[in-house]
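target01.cif (mmCIF, C-alpha atoms and all ligand atoms) appears below.
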data_upload
loop_
_atom_site.label_atom_id
_atom_site.label_comp_id
_atom_site.auth_asym_id
_atom_site.auth_seq_id
_atom_site.Cartn_x
_atom_site.Cartn_y
_atom_site.Cartn_z
CA MET A 1 140.27 111.18 124.47
CA ILE A 2 142.96 109.78 126.76
CA GLU A 3 143.90 112.61 129.12
CA GLY A 4 146.95 111.36 131.01
CA ILE A 5 148.20 109.00 133.69
CA ASP A 6 145.73 108.55 136.55
CA ARG A 7 147.36 105.81 138.58
CA ILE A 8 150.57 103.84 138.78
CA THR A 9 150.87 100.61 140.71
CA TYR A 10 154.11 99.08 141.97
CA GLY A 11 154.76 95.60 143.27
CA ILE A 12 157.40 95.32 146.01
CA GLU A 13 159.12 92.55 147.94
CA GLU A 14 157.33 92.52 151.25
CA THR A 15 159.10 93.12 154.57
CA PRO A 16 157.89 95.29 157.48
CA GLU A 17 161.00 97.48 157.07
CA GLN A 18 160.25 97.96 153.38
CA TRP A 19 156.66 99.08 154.02
CA ALA A 20 157.86 101.60 156.61
CA ARG A 21 160.51 102.86 154.20
CA VAL A 22 157.99 103.24 151.34
CA ARG A 23 155.56 105.12 153.59
CA ARG A 24 158.29 107.50 154.71
CA PHE A 25 159.44 107.95 151.10
CA TYR A 26 156.09 108.99 149.62
CA GLY A 27 155.34 111.18 152.64
CA ASP A 28 158.64 112.98 152.14
CA TRP A 29 157.97 113.14 148.37
CA GLY A 30 154.84 115.16 149.21
CA LEU A 31 151.96 112.78 148.48
CA HIS A 32 148.90 112.34 150.69
CA GLU A 33 148.19 108.81 151.94
CA LEU A 34 144.59 107.74 151.39
CA SER A 35 144.68 104.34 153.07
CA THR A 36 146.50 103.31 156.20
CA GLY A 37 146.33 99.50 155.84
CA THR A 38 149.61 97.63 156.01
CA SER A 39 149.51 95.84 152.68
CA SER A 40 147.69 98.06 150.17
CA PRO A 41 148.64 101.70 150.66
CA THR A 42 147.57 104.33 148.15
CA TRP A 43 148.77 107.92 147.91
CA GLU A 44 147.47 110.81 145.83
CA THR A 45 148.75 114.02 144.29
CA LEU A 46 146.89 117.32 144.69
CA ASN A 47 144.69 116.57 141.67
CA GLY A 48 143.88 113.01 142.75
CA ALA A 49 146.34 111.01 140.62
CA GLN A 50 147.28 107.91 142.59
CA VAL A 51 150.27 105.79 143.47
CA CYS A 52 149.43 102.28 144.70
CA VAL A 53 151.99 99.91 146.20
CA ARG A 54 151.18 96.23 146.58
CA PRO A 55 153.07 93.09 147.58
CA ALA A 56 154.89 91.75 144.51
CA ASN A 57 152.98 88.47 144.73
CA ASP A 58 149.51 90.12 144.91
CA PRO A 59 147.44 88.04 142.45
CA SER A 60 145.51 91.11 141.29
CA LEU A 61 148.67 92.60 139.77
CA GLY A 62 149.66 92.26 136.15
CA PRO A 63 152.87 90.41 135.24
CA ALA A 64 156.24 91.87 136.23
CA ILE A 65 158.40 92.88 133.26
CA GLU A 66 161.63 92.66 135.29
CA THR A 67 162.84 91.15 138.55
CA GLY A 68 162.74 93.07 141.83
CA ASN A 69 160.55 95.99 142.83
CA THR A 70 158.96 97.57 139.77
CA LEU A 71 155.95 99.10 138.06
CA ARG A 72 153.13 96.62 137.51
CA GLU A 73 150.31 98.69 136.04
CA VAL A 74 149.69 102.08 134.41
CA GLN A 75 146.13 103.45 134.48
CA TRP A 76 145.21 106.09 131.90
CA GLY A 77 142.37 108.52 132.51
CA VAL A 78 139.78 108.74 129.75
CA GLY A 79 137.65 111.86 129.35
CA ASP A 80 134.34 110.33 128.24
CA ALA A 81 132.39 107.08 128.07
CA ALA A 82 132.44 107.01 124.25
CA THR A 83 136.25 106.82 124.22
CA LEU A 84 136.16 104.02 126.79
CA GLU A 85 133.66 102.08 124.67
CA GLN A 86 135.88 102.54 121.65
CA LEU A 87 138.91 101.27 123.62
CA HIS A 88 136.80 98.33 124.80
CA GLN A 89 136.29 97.32 121.18
CA GLN A 90 139.81 98.08 120.10
CA LEU A 91 141.66 96.22 122.87
CA GLN A 92 139.67 92.97 122.72
CA ALA A 93 142.18 91.38 120.39
CA MET A 94 145.12 92.32 122.61
CA PRO A 95 146.87 89.88 124.97
CA GLY A 96 145.57 89.90 128.53
CA PHE A 97 142.36 91.78 127.66
CA GLN A 98 140.05 92.32 130.64
CA SER A 99 137.02 94.51 131.19
CA GLN A 100 134.56 95.33 133.96
CA GLY A 101 131.56 97.62 134.16
CA MET A 102 131.09 97.63 130.38
CA ASP A 103 127.90 96.07 129.07
CA ALA A 104 124.93 96.68 126.83
CA ALA A 105 123.43 98.97 129.47
CA GLY A 106 126.36 101.32 129.12
CA VAL A 107 129.51 102.30 130.95
CA SER A 108 129.40 102.24 134.76
CA PRO A 109 131.36 104.90 136.69
CA ASP A 110 133.97 102.35 137.80
CA ALA A 111 134.30 100.72 134.36
CA ARG A 112 137.78 99.75 133.26
CA VAL A 113 139.33 97.94 130.33
CA SER A 114 142.89 96.69 130.22
CA CYS A 115 145.39 94.73 128.16
CA LEU A 116 149.06 93.92 128.17
CA ASP A 117 151.28 96.19 126.07
CA PRO A 118 154.03 94.75 123.84
CA HIS A 119 156.30 94.53 126.92
CA GLY A 120 153.70 92.54 128.89
CA LEU A 121 152.98 95.52 131.19
CA ARG A 122 149.31 95.98 132.07
CA GLN A 123 147.78 99.17 130.70
CA VAL A 124 144.39 100.12 132.16
CA PHE A 125 141.88 102.63 130.79
CA ALA A 126 139.10 104.10 132.93
CA LEU A 127 137.11 107.30 133.32
CA SER A 128 139.45 109.84 134.81
CA ILE A 129 139.64 109.93 138.61
CA LYS A 130 141.50 113.24 138.68
CA ARG A 131 139.87 116.53 139.75
CA ALA A 132 140.43 120.11 138.71
CA VAL A 133 142.56 122.01 141.21
CA ASP A 134 143.21 125.71 141.54
CA VAL A 135 146.99 125.47 141.62
CA ARG A 136 149.29 127.86 139.84
CA GLY A 137 153.05 128.09 139.48
CA ALA A 138 154.80 131.40 139.99
CA ALA A 139 154.87 133.74 137.01
CA ALA A 140 158.34 134.59 135.69
CA ASN A 141 159.64 138.04 134.88
CA ALA A 142 161.26 137.18 131.56
CA TYR A 143 162.90 140.12 129.79
CA GLY A 144 160.19 141.86 127.77
CA ASP A 145 157.45 139.86 129.46
CA ILE A 146 156.95 141.06 133.05
CA ARG A 147 154.28 138.87 134.68
CA ARG A 148 155.02 139.30 138.40
CA VAL A 149 154.62 142.79 139.81
CA ASP A 150 154.89 143.76 143.50
CA GLN A 151 155.10 140.07 144.25
CA ALA A 152 158.04 137.86 145.31
CA SER A 153 158.40 134.39 143.80
CA PRO A 154 158.06 131.50 146.27
CA VAL A 155 160.69 129.49 148.14
CA TYR A 156 159.38 126.00 148.91
CA GLU A 157 160.37 124.07 152.03
CA ARG A 158 159.18 120.89 150.34
CA ALA A 159 157.10 119.79 147.34
CA THR A 160 153.47 118.72 147.09
CA PRO A 161 153.23 117.28 143.54
CA VAL A 162 150.19 118.38 141.55
CA ASP A 163 149.95 115.54 139.03
CA LEU A 164 151.51 112.41 137.61
CA GLY A 165 153.47 113.44 134.53
CA HIS A 166 155.02 110.61 132.56
CA VAL A 167 156.40 107.09 132.60
CA VAL A 168 159.69 106.06 131.00
CA LEU A 169 160.40 102.45 130.09
CA PHE A 170 163.49 100.71 128.80
CA THR A 171 162.21 98.81 125.79
CA ASP A 172 163.70 96.06 123.66
CA ARG A 173 160.94 96.39 121.03
CA LEU A 174 160.75 100.08 120.24
CA GLN A 175 158.75 99.91 117.02
CA ALA A 176 156.09 97.59 118.44
CA ALA A 177 155.75 99.85 121.49
CA GLU A 178 155.40 103.00 119.37
CA ASP A 179 152.80 101.26 117.20
CA PHE A 180 150.84 100.23 120.31
CA TYR A 181 150.59 103.78 121.66
CA GLN A 182 149.96 105.27 118.22
CA ALA A 183 146.95 102.97 117.77
CA LEU A 184 145.58 104.39 121.03
CA GLY A 185 145.80 107.94 119.67
CA PHE A 186 149.16 108.94 121.12
CA VAL A 187 151.25 111.35 119.04
CA THR A 188 155.02 111.31 118.62
CA SER A 189 156.57 114.54 119.93
CA ASP A 190 160.27 113.89 119.28
CA ARG A 191 162.49 110.90 118.67
CA TYR A 192 165.94 109.41 118.83
CA PRO A 193 165.75 107.47 115.54
CA GLY A 194 165.94 103.75 116.29
CA ARG A 195 166.67 104.46 119.96
CA GLY A 196 163.80 106.31 121.58
CA VAL A 197 160.42 107.96 121.15
CA PHE A 198 158.67 110.66 123.21
CA MET A 199 154.88 110.40 122.92
CA ARG A 200 152.01 112.54 124.24
CA CYS A 201 148.56 111.07 124.79
CA ALA A 202 146.69 113.71 122.77
CA PRO A 203 147.57 116.08 119.89
CA GLN A 204 147.49 119.03 122.32
CA ALA A 205 149.25 118.11 125.53
CA GLY A 206 152.45 118.33 127.51
CA HIS A 207 155.59 117.16 125.68
CA HIS A 208 155.41 113.51 126.70
CA ASP A 209 153.29 111.14 128.76
CA VAL A 210 155.45 108.18 127.85
CA PHE A 211 159.06 107.91 126.73
CA LEU A 212 160.34 104.61 125.36
CA LEU A 213 164.08 104.18 125.36
CA GLN A 214 165.90 101.34 123.62
CA VAL A 215 169.48 101.02 124.79
CA PRO A 216 171.54 98.26 123.13
CA GLY A 217 172.21 95.51 125.63
CA LYS A 218 169.85 97.02 128.19
CA ALA A 219 167.02 94.81 129.44
CA LEU A 220 163.36 95.71 129.48
CA GLY A 221 162.20 97.55 132.59
CA LEU A 222 161.13 100.70 134.37
CA ASN A 223 163.36 103.76 134.06
CA HIS A 224 161.30 106.33 135.96
CA VAL A 225 157.97 107.93 136.81
CA ALA A 226 157.71 111.75 136.83
CA PHE A 227 155.54 113.95 139.04
CA THR A 228 154.57 117.44 137.92
CA VAL A 229 155.20 120.24 140.40
CA ARG A 230 154.20 123.89 140.04
CA ASP A 231 157.42 125.48 138.87
CA ILE A 232 161.21 125.37 139.04
CA HIS A 233 161.12 126.70 142.61
CA GLU A 234 159.15 123.66 143.76
CA VAL A 235 161.61 121.34 141.95
CA PHE A 236 164.38 122.90 144.05
CA GLY A 237 162.39 122.96 147.30
CA GLY A 238 161.24 119.37 146.86
CA GLY A 239 164.68 118.07 145.96
CA LEU A 240 166.37 119.83 148.87
CA HIS A 241 163.80 118.40 151.27
CA MET A 242 164.27 114.85 149.94
CA GLY A 243 168.02 115.25 150.39
CA ARG A 244 167.58 116.48 153.99
CA CYS A 245 165.38 113.41 154.62
CA GLY A 246 168.26 111.17 153.52
CA TRP A 247 166.97 110.05 150.10
CA LYS A 248 169.54 109.64 147.36
CA THR A 249 169.70 111.86 144.30
CA GLN A 250 170.36 110.00 141.06
CA LEU A 251 170.83 113.24 139.10
CA GLY A 252 169.64 116.77 139.55
CA PRO A 253 168.59 119.39 139.62
CA GLY A 254 169.01 119.93 135.91
CA ARG A 255 167.24 120.80 132.70
CA HIS A 256 166.27 118.67 129.71
CA PRO A 257 166.84 120.36 126.35
CA VAL A 258 164.26 117.96 124.84
CA SER A 259 160.95 119.06 126.51
CA SER A 260 162.62 122.12 128.17
CA ALA A 261 161.64 120.74 131.60
CA TYR A 262 163.54 121.15 134.86
CA PHE A 263 164.15 117.86 136.64
CA TRP A 264 165.48 116.26 139.82
CA TYR A 265 165.74 112.45 139.96
CA PHE A 266 165.83 110.30 143.11
CA GLU A 267 166.13 106.56 143.64
CA ASN A 268 162.71 105.08 144.44
CA PRO A 269 162.50 102.17 146.94
CA CYS A 270 159.54 100.85 144.88
CA GLY A 271 161.74 100.47 141.79
CA GLY A 272 163.38 102.67 139.18
CA LEU A 273 163.79 106.39 139.61
CA ILE A 274 161.32 109.12 140.49
CA GLU A 275 161.38 112.66 139.15
CA TYR A 276 160.18 116.12 140.10
CA ASN A 277 159.40 117.83 136.78
CA ALA A 278 158.27 121.36 135.90
CA ASP A 279 157.92 123.69 132.93
CA GLU A 280 157.73 121.14 130.11
CA ASP A 281 156.82 122.30 126.60
CA HIS A 282 153.12 122.32 125.71
CA LEU A 283 152.51 121.06 122.16
CA THR A 284 149.70 121.32 119.62
CA PRO A 285 149.06 119.58 116.29
CA ALA A 286 151.26 122.29 114.71
CA TRP A 287 154.37 120.82 116.41
CA GLN A 288 156.76 119.02 114.07
CA PRO A 289 158.61 116.09 115.69
CA ARG A 290 162.36 116.60 115.87
CA GLU A 291 165.12 114.01 115.74
CA PHE A 292 168.09 113.88 118.10
CA THR A 293 171.11 111.68 118.61
CA PRO A 294 171.05 110.47 122.21
CA GLY A 295 173.90 111.53 124.46
CA PRO A 296 174.61 113.30 127.73
CA THR A 297 174.19 116.84 126.33
CA VAL A 298 170.85 115.94 124.76
CA PHE A 299 169.62 114.35 127.99
CA ALA A 300 170.63 117.31 130.14
CA GLU A 301 171.55 120.84 129.14
CA TRP A 302 173.05 121.00 132.64
CA ALA A 303 172.71 118.87 135.76
CA ILE A 304 174.17 118.60 139.25
CA ASP A 305 175.79 115.23 139.86
CA GLY A 306 175.03 114.15 143.43
CA GLY A 307 172.34 116.71 144.10
CA ILE A 308 172.50 119.72 146.41
CA ASP A 309 172.88 119.39 150.16
CA GLY A 310 169.63 120.56 151.76
CA HIS A 311 171.38 122.13 154.75
CA THR A 312 174.28 124.02 153.15
CA ARG A 313 172.41 124.57 149.86
CA ARG A 314 175.62 123.67 148.06
CA GLN A 315 176.71 120.70 146.03
CA PRO A 316 178.16 118.14 148.47
CA GLN A 317 181.60 118.10 146.84
CA SER A 318 181.83 121.89 146.66
CA ALA A 319 185.42 123.14 146.91
CA ALA A 320 184.15 125.84 149.24
CA GLY A 321 183.29 123.11 151.74
CA GLY A 322 179.65 124.04 151.72
CA GLY A 323 180.20 127.35 153.54
CA PHE A 324 178.12 130.42 152.86
CA LEU A 325 179.78 133.44 151.28
CA THR A 326 178.42 135.57 154.09
CA GLU A 327 179.96 133.40 156.83
CA LYS A 328 182.64 135.17 158.79
CA LYS A 329 185.88 133.21 158.62
CA ALA A 330 187.82 132.82 161.87
FE FE B 401 161.30 112.27 132.95
#
Just give me the structure as structure tokens.
Amino acid sequence: MIEGIDRITYGIEETPEQWARVRRFYGDWGLHELSTGTSSPTWETLNGAQVCVRPANDPSLGPAIETGNTLREVQWGVGDAATLEQLHQQLQAMPGFQSQGMDAAGVSPDARVSCLDPHGLRQVFALSIKRAVDVRGAAANAYGDIRRVDQASPVYERATPVDLGHVVLFTDRLQAAEDFYQALGFVTSDRYPGRGVFMRCAPQAGHHDVFLLQVPGKALGLNHVAFTVRDIHEVFGGGLHMGRCGWKTQLGPGRHPVSSAYFWYFENPCGGLIEYNADEDHLTPAWQPREFTPGPTVFAEWAIDGGIDGHTRRQPQSAAGGGFLTEKKA
């Protein structure tokens, strides 16, 4: 079974300033840097999911699907060698097929198979590199369901993402892309008929691991990559910290009605957007896919345009001027 996204790799235009900016960005985002070389840094989340950033012209990278800094490879974690062997057979007819560590003797621990998806983006499959972590979000005291007793809920100064959550691509070939993922065992969770499809990598999983969005007139490319944090409090704490560090909110915080998740999107110097995400729906084979018409109220039940200022804890354009209610006026 494919278990989720293990690694994403970006290719960026190389300047010393850009490397410094990327290092500062992922540090502020809350990832841990594994390597300290100048040209091949890798960061990880708490459970060992990785972000790699490479020079755009690195020959080991797959083709770029758009100009500029962007995603160059998605690596999916596979739970067992039998699934990897099956993928090895299945992907051989696909464009750009490559494999290593797979032979008659069996599957080596670092085995990987890859191909290009219908967009030309490299998709890699390997035994999962992620580890189990004892991390828990705060319980909520919903009416009629009291889960937190004699215990305050947390306030985060900053986020430390637990996992990679999902990837969202602008597609210009929606049906071919859905067919590609379906053949790999992905299941459709919800859809915008003819315009978008939310897919999870296993019948029982979080709402989506990949979302493919076809916007008329919009070119192929990366929309965003989402990182899972513990709970809504960490979405707020992480977003406020990123704002204090000077990074630009694209939209958020807010809540998606499709998936139920809380979000906060920032601009990513490596390309596209990046998202803190928490509290998405968990689906089983009993879930029936729904259909929606895309639009602003379907994308966000509510959202803050321009973010929240990390110092005043108010929206920047607040009519109150960002003052606290408890401040004594002169
Ligand atoms: Fe997202």
What separates CA of Ile308 (chain A) and CA of Tyr143 (chain A) is a distance of 28.0 Å
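Counting only C-alpha atoms and comparing A:Pro253, A:Glu66, A:His233, A:Ala104, the residue that lies closest to Gly11 (chain A) is A:Glu66.
Going from CA of Ala226 (chain A) to CA of Glu275 (chain A) covers 4.4 Å.
By chain and then residue number, the residues within 9 Å of Ala138 (chain A) are Arg148, Ala152, Ser153, Pro154, Arg230, Asp231, Ile232 and His233 of chain A, counting all atoms listed in the file and disregarding those fewer than 5 positions away in sequence.
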May I have the residues within 7 Å of Leu222 (chain A) as a ChimeraX atom specification, using only C-alpha atoms and disregarding those fewer than 5 positions away in the same chain?
/A:70-71,168-170,272
Which residues form the shell of 10 Å around ligand FE 401 (chain B) when you count all atoms listed in the file, given as a PyMOL selection string? chain A and resi 165-168+208-211+223-228+256+259+261-265+273-277+280+299
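Interatomic distance, CA of Ser260 (chain A) against CA of His32 (chain A): 28.1 Å.
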Using all atoms listed in the file, the best pick from A:Glu178, A:Asp6, A:Asp80, A:Asp172 as closest to Leu220 (chain A) would be A:Asp172
Across A:Arg122, A:Arg158, A:Arg23, A:Lys218, the smallest distance to Arg244 (chain A), with only C-alpha atoms counted, is shown by A:Arg158
- Query: Can you list, as a PyMOL selection string, every protein, DNA or RNA residue that comes within 8 Å of Tyr192 (chain A) when you count only C-alpha atoms, leaving out same-chain residues fewer than 4 positions away?
  - Reply: chain A and resi 196-197+291-294
Selected residues written out with C-alpha atoms, as an mmCIF file, keeping the file's coordinate frame:
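Resulting contents of part_27.cif:
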data_model
loop_
_atom_site.group_PDB
_atom_site.id
_atom_site.type_symbol
_atom_site.label_atom_id
_atom_site.label_comp_id
_atom_site.auth_asym_id
_atom_site.auth_seq_id
_atom_site.Cartn_x
_atom_site.Cartn_y
_atom_site.Cartn_z
ATOM 1 C CA GLY A 196 163.800 106.310 121.580
ATOM 2 C CA VAL A 197 160.420 107.960 121.150
ATOM 3 C CA GLU A 291 165.120 114.010 115.740
ATOM 4 C CA PHE A 292 168.090 113.880 118.100
ATOM 5 C CA THR A 293 171.110 111.680 118.610
ATOM 6 C CA PRO A 294 171.050 110.470 122.210
#
Restricting to only C-alpha atoms, whichever of A:Ala20, A:Gly137, A:Pro203, A:Ala300 is closest to His282 (chain A) is A:Pro203
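Nearest residue to Gln89 (chain A), choosing from A:Thr9, A:Gln182, A:Ser114, A:Thr45 and counting only C-alpha atoms: A:Ser114.
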Q.
Can you tell me which residues surround Leu46 (chain A) at a distance of at most 7 Å, considering all atoms listed in the file, apart from same-chain residues fewer than 2 positions away, and format the answer as a VMD selection string?
A. chain A and resid 44 48 161 to 163
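For Thr42 (chain A), the set of protein, DNA and RNA residues having any atom at most 7 Å away, when counting all atoms listed in the file and skipping those fewer than 5 positions along the same chain, is Glu33, Leu34, Ser35, Gln50, Val51, Cys52 and Val53 of chain A.
The residue that comes closest to Ile2 (chain A), out of A:Val107, A:Ile65, A:Met94, A:Leu127 and on the basis of all atoms listed in the file, is A:Leu127.
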